[in-house]
file data.cif (mmCIF, C-alpha atoms)
data_start
#
loop_
_atom_site.label_atom_id
_atom_site.label_comp_id
_atom_site.auth_asym_id
_atom_site.auth_seq_id
_atom_site.Cartn_x
_atom_site.Cartn_y
_atom_site.Cartn_z
CA MET A 6 0.00 0.00 0.00
CA ARG A 7 1.23 3.48 -0.79
CA LEU A 8 0.44 6.53 1.25
CA GLY A 9 0.63 10.11 0.12
CA TYR A 10 1.56 13.51 1.43
CA ARG A 11 0.42 16.54 -0.56
CA GLY A 12 -0.12 14.39 -3.61
CA VAL A 13 3.31 12.76 -3.49
CA PRO A 14 3.26 8.96 -2.98
CA MET A 15 4.98 7.71 0.14
CA ALA A 16 5.58 4.12 1.25
CA ILE A 17 4.74 2.87 4.73
CA PRO A 18 8.01 2.74 6.69
CA THR A 19 9.50 -0.71 7.02
CA ALA A 20 9.53 -2.54 10.35
CA GLU A 21 13.30 -2.00 10.52
CA GLN A 22 12.89 1.77 10.03
CA LEU A 23 10.21 1.89 12.72
CA ASN A 24 12.30 -0.17 15.16
CA ASP A 25 15.05 2.44 14.83
CA VAL A 26 12.72 5.20 16.08
CA LEU A 27 10.74 3.39 18.81
CA LEU A 28 10.84 5.42 21.99
CA GLY A 29 9.72 5.30 25.59
CA PHE A 30 7.82 2.36 26.98
CA ASP A 31 7.86 0.32 23.76
CA ARG A 32 11.65 0.42 23.75
CA LEU A 33 11.77 -0.26 27.50
CA TYR A 34 9.89 -3.56 27.35
CA GLY A 35 11.67 -4.60 24.14
CA LEU A 36 9.09 -4.37 21.36
CA ARG A 37 10.53 -5.44 18.00
CA LEU A 38 8.39 -4.97 14.92
CA VAL A 39 8.69 -7.71 12.31
CA GLU A 40 6.11 -6.63 9.70
CA VAL A 41 3.89 -3.54 9.45
CA SER A 42 1.08 -2.66 7.03
CA GLU A 43 -2.28 -0.96 7.33
CA HIS A 44 -3.88 -4.44 7.44
CA GLU A 45 -1.63 -6.37 9.81
CA VAL A 46 1.32 -6.10 12.15
CA ARG A 47 3.70 -8.73 13.49
CA ALA A 48 5.93 -8.02 16.47
CA GLU A 49 7.98 -9.85 19.09
CA VAL A 50 9.16 -9.34 22.64
CA GLU A 51 11.82 -11.52 24.23
CA VAL A 52 10.75 -12.67 27.69
CA ARG A 53 13.14 -11.60 30.42
CA ASP A 54 12.98 -11.30 34.22
CA GLU A 55 11.75 -7.69 34.21
CA LEU A 56 8.63 -8.73 32.26
CA ARG A 57 7.54 -11.46 34.68
CA GLN A 58 5.12 -11.02 37.57
CA PRO A 59 6.00 -12.48 41.01
CA ALA A 60 4.73 -15.97 40.10
CA GLY A 61 7.21 -16.09 37.20
CA LEU A 62 4.64 -15.69 34.40
CA VAL A 63 4.78 -12.99 31.75
CA HIS A 64 2.93 -9.98 33.16
CA GLY A 65 -0.41 -9.42 31.43
CA GLY A 66 0.48 -5.78 30.85
CA VAL A 67 3.13 -6.86 28.35
CA TYR A 68 0.47 -8.39 26.07
CA ALA A 69 -1.80 -5.36 26.45
CA SER A 70 1.09 -3.01 25.74
CA MET A 71 2.14 -4.93 22.65
CA ALA A 72 -1.44 -4.92 21.33
CA GLU A 73 -1.84 -1.19 21.85
CA ALA A 74 1.51 -0.36 20.29
CA MET A 75 0.96 -2.58 17.25
CA ALA A 76 -2.58 -1.38 16.51
CA SER A 77 -1.91 2.29 17.29
CA LEU A 78 1.21 2.34 15.16
CA ALA A 79 -0.37 0.82 12.06
CA THR A 80 -3.51 2.95 12.38
CA GLY A 81 -1.52 6.10 13.13
CA ILE A 82 0.87 5.79 10.21
CA THR A 83 -2.02 5.25 7.81
CA VAL A 84 -4.36 8.00 9.01
CA PHE A 85 -1.60 10.57 9.48
CA ALA A 86 -0.34 10.11 5.95
CA ALA A 87 -3.86 10.26 4.51
CA THR A 88 -5.42 13.10 6.53
CA GLY A 89 -3.00 14.31 9.19
CA SER A 90 -5.11 12.57 11.86
CA THR A 91 -3.70 10.85 14.92
CA ALA A 92 -4.51 7.49 16.49
CA VAL A 93 -4.81 6.64 20.17
CA GLY A 94 -5.93 3.59 22.10
CA LEU A 95 -9.61 3.67 23.08
CA SER A 96 -10.26 0.14 24.38
CA ASN A 97 -8.03 -2.82 25.16
CA SER A 98 -9.51 -6.15 26.24
CA THR A 99 -6.97 -8.91 26.73
CA SER A 100 -7.73 -12.52 27.69
CA PHE A 101 -4.98 -14.85 28.91
CA LEU A 102 -5.22 -18.42 27.66
CA ARG A 103 -1.88 -20.07 28.41
CA PRO A 104 0.87 -18.82 30.72
CA MET A 105 4.28 -17.97 29.34
CA THR A 106 7.45 -18.02 31.40
CA SER A 107 10.18 -17.88 28.74
CA ASP A 108 10.82 -17.76 25.00
CA VAL A 109 9.61 -14.99 22.74
CA ILE A 110 6.11 -13.53 22.65
CA HIS A 111 4.95 -13.46 19.03
CA GLY A 112 2.19 -10.94 18.33
CA HIS A 113 0.05 -10.89 15.19
CA ALA A 114 -2.48 -8.07 14.79
CA VAL A 115 -5.11 -8.13 12.04
CA ARG A 116 -7.37 -5.18 11.31
CA LEU A 117 -11.05 -6.11 11.50
CA HIS A 118 -12.66 -2.70 10.92
CA ARG A 119 -11.51 0.56 9.37
CA GLY A 120 -13.91 3.38 10.15
CA ARG A 121 -13.71 7.15 9.99
CA THR A 122 -13.32 7.53 13.78
CA THR A 123 -12.34 4.03 14.99
CA TRP A 124 -10.32 1.05 13.82
CA VAL A 125 -10.70 -2.37 15.48
CA TRP A 126 -7.93 -4.96 15.63
CA ASP A 127 -7.70 -8.62 16.66
CA VAL A 128 -4.31 -9.39 18.21
CA ARG A 129 -3.14 -12.94 18.95
CA PHE A 130 -0.10 -13.86 20.98
CA SER A 131 1.75 -17.16 20.76
CA ASP A 132 4.88 -18.78 22.15
CA ASP A 133 7.80 -20.24 20.19
CA ALA A 134 5.87 -23.52 19.75
CA GLY A 135 3.01 -21.62 18.08
CA ARG A 136 0.59 -22.17 20.99
CA LEU A 137 -1.98 -19.43 21.51
CA CYS A 138 -1.26 -17.70 24.84
CA ALA A 139 -3.40 -14.54 24.81
CA ILE A 140 -5.83 -12.60 22.62
CA THR A 141 -6.70 -8.91 22.54
CA ARG A 142 -9.51 -6.93 20.96
CA MET A 143 -8.05 -3.45 20.45
CA THR A 144 -10.06 -0.38 19.43
CA ILE A 145 -8.18 2.66 18.20
CA ALA A 146 -9.70 6.13 18.11
CA VAL A 147 -8.87 8.25 15.07
CA ARG A 148 -8.67 11.95 15.94
CA PRO A 149 -8.60 14.80 13.41
CA PRO A 150 -5.67 17.20 13.27
CA ALA A 151 -5.78 19.83 16.03
CA SER A 152 -6.78 22.56 13.57
CA GLN A 153 -9.70 20.49 12.22
CA PRO A 154 -13.03 20.15 14.06
CA ALA A 155 -13.98 16.66 15.29
CA GLY A 156 -16.87 16.38 12.78
CA GLY A 157 -14.52 16.36 9.79
CA GLY A 158 -13.84 19.11 7.37
#

call {"tool": "encode", "arguments": {"input": "data.cif", "output": "structure tokens"}}
result
Amino acid sequence: MRLGYRGVPMAIPTAEQLNDVLLGFDRLYGLRLVEVSEHEVRAEVEVRDELRQPAGLVHGGVYASMAEAMASLATGITVFAATGSTAVGLSNSTSFLRPMTSDVIHGHAVRLHRGRTTWVWDVRFSDDAGRLCAITRMTIAVRPPASQPAGGG
């Protein structure tokens, strides 16, 4: 998919380019993007001691954080290039199916809905053996540029 800015085509940045500019919390917990498009995102996080809760399992916040980062990033890149809008997390519902204590968390986000004001994503997390460990339904709010009223324009 090609995006545009002022009529000039522009490609979605590659996962490698985006990894180079990740900041803050995403960098802190070790998010590594593998594939990014407006339709799907793949990312990984290596499990380490700092990401485990006291019982030794991966902390549920890691899954929720990965889901929000993956969905917000893909939505944000797409809507900013198209209209100058921004994307922020609106709802994050994560269910834990199988505990993880080691390995790499593999996240795969697939866009289910692309609306004017919200995008909805299904995010699945698996371990190195491909076993499903958690699922997230992530809703992203699309906000117009600051100079544009919320109703469009």

call {"tool": "atom_distance", "arguments": {"input": "data.cif", "atom1": "atom CA of Pro149 of chain A", "atom2": "atom CA of Thr123 of chain A"}}
result
11.5 Å

call {"tool": "closest_residue", "arguments": {"input": "data.cif", "among": "A:Arg136, A:Arg148, A:Arg119, A:Arg47", "to": "Met75 of chain A", "atoms": "all atoms listed in the file"}}
result
A:Arg47

call {"tool": "residues_near_point", "arguments": {"input": "data.cif", "point": "(12.3, -2.9, 19.1)", "cutoff": "12 Å", "atoms": "only C-alpha atoms", "output": "compact mmCIF listing (two decimals) with C-alpha atoms, in the coordinates of the input"}}
result
# COMPACT_ATOMS: atom_id res chain seq x y z
CA ALA A 20 9.53 -2.54 10.35
CA GLU A 21 13.30 -2.00 10.52
CA GLN A 22 12.89 1.77 10.03
CA LEU A 23 10.21 1.89 12.72
CA ASN A 24 12.30 -0.17 15.16
CA ASP A 25 15.05 2.44 14.83
CA VAL A 26 12.72 5.20 16.08
CA LEU A 27 10.74 3.39 18.81
CA LEU A 28 10.84 5.42 21.99
CA GLY A 29 9.72 5.30 25.59
CA PHE A 30 7.82 2.36 26.98
CA ASP A 31 7.86 0.32 23.76
CA ARG A 32 11.65 0.42 23.75
CA LEU A 33 11.77 -0.26 27.50
CA TYR A 34 9.89 -3.56 27.35
CA GLY A 35 11.67 -4.60 24.14
CA LEU A 36 9.09 -4.37 21.36
CA ARG A 37 10.53 -5.44 18.00
CA LEU A 38 8.39 -4.97 14.92
CA VAL A 39 8.69 -7.71 12.31
CA GLU A 40 6.11 -6.63 9.70
CA ARG A 47 3.70 -8.73 13.49
CA ALA A 48 5.93 -8.02 16.47
CA GLU A 49 7.98 -9.85 19.09
CA VAL A 50 9.16 -9.34 22.64
CA GLU A 51 11.82 -11.52 24.23
CA MET A 71 2.14 -4.93 22.65
CA ALA A 74 1.51 -0.36 20.29
CA MET A 75 0.96 -2.58 17.25

call {"tool": "resolve_selection", "arguments": {"input": "data.cif", "expression": "the PyMOL selection byres ((chain A and resi 96-99) around 9)", "output": "JSON, numbers by chain"}}
result
{"A": [65, 68, 69, 72, 73, 94, 95, 100, 101, 128, 139, 140, 141, 142, 143, 144, 145, 146]}

call {"tool": "atom_distance", "arguments": {"input": "data.cif", "atom1": "atom CA of Asp133 of chain A", "atom2": "atom CA of His113 of chain A"}}
result
13.1 Å

call {"tool": "atom_distance", "arguments": {"input": "data.cif", "atom1": "atom CA of Ala86 of chain A", "atom2": "atom CA of His111 of chain A"}}
result
27.5 Å

call {"tool": "closest_residue", "arguments": {"input": "data.cif", "among": "A:Ala60, A:Asp54, A:Glu45, A:Ile82", "to": "Gly112 of chain A", "atoms": "all atoms listed in the file"}}
result
A:Glu45

call {"tool": "closest_residue", "arguments": {"input": "data.cif", "among": "A:Gly135, A:Val147, A:Gln58, A:Val52", "to": "Ala79 of chain A", "atoms": "all atoms listed in the file"}}
result
A:Val147

call {"tool": "residues_around", "arguments": {"input": "data.cif", "residues": "Ala76 of chain A", "least_positions_apart": "4", "cutoff": "7 Å", "atoms": "all atoms listed in the file", "output": "PyMOL selection string"}}
result
chain A and resi 72+80+114+126

call {"tool": "closest_residue", "arguments": {"input": "data.cif", "among": "A:Val93, A:Leu62, A:Met105, A:Val84", "to": "Phe130 of chain A", "atoms": "all atoms listed in the file"}}
result
A:Met105

call {"tool": "closest_residue", "arguments": {"input": "data.cif", "among": "A:Leu137, A:Ala92, A:Asp132, A:Val115", "to": "Ser77 of chain A", "atoms": "all atoms listed in the file"}}
result
A:Ala92

call {"tool": "closest_residue", "arguments": {"input": "data.cif", "among": "A:Leu78, A:Val63, A:Leu56, A:Cys138", "to": "Pro18 of chain A", "atoms": "all atoms listed in the file"}}
result
A:Leu78
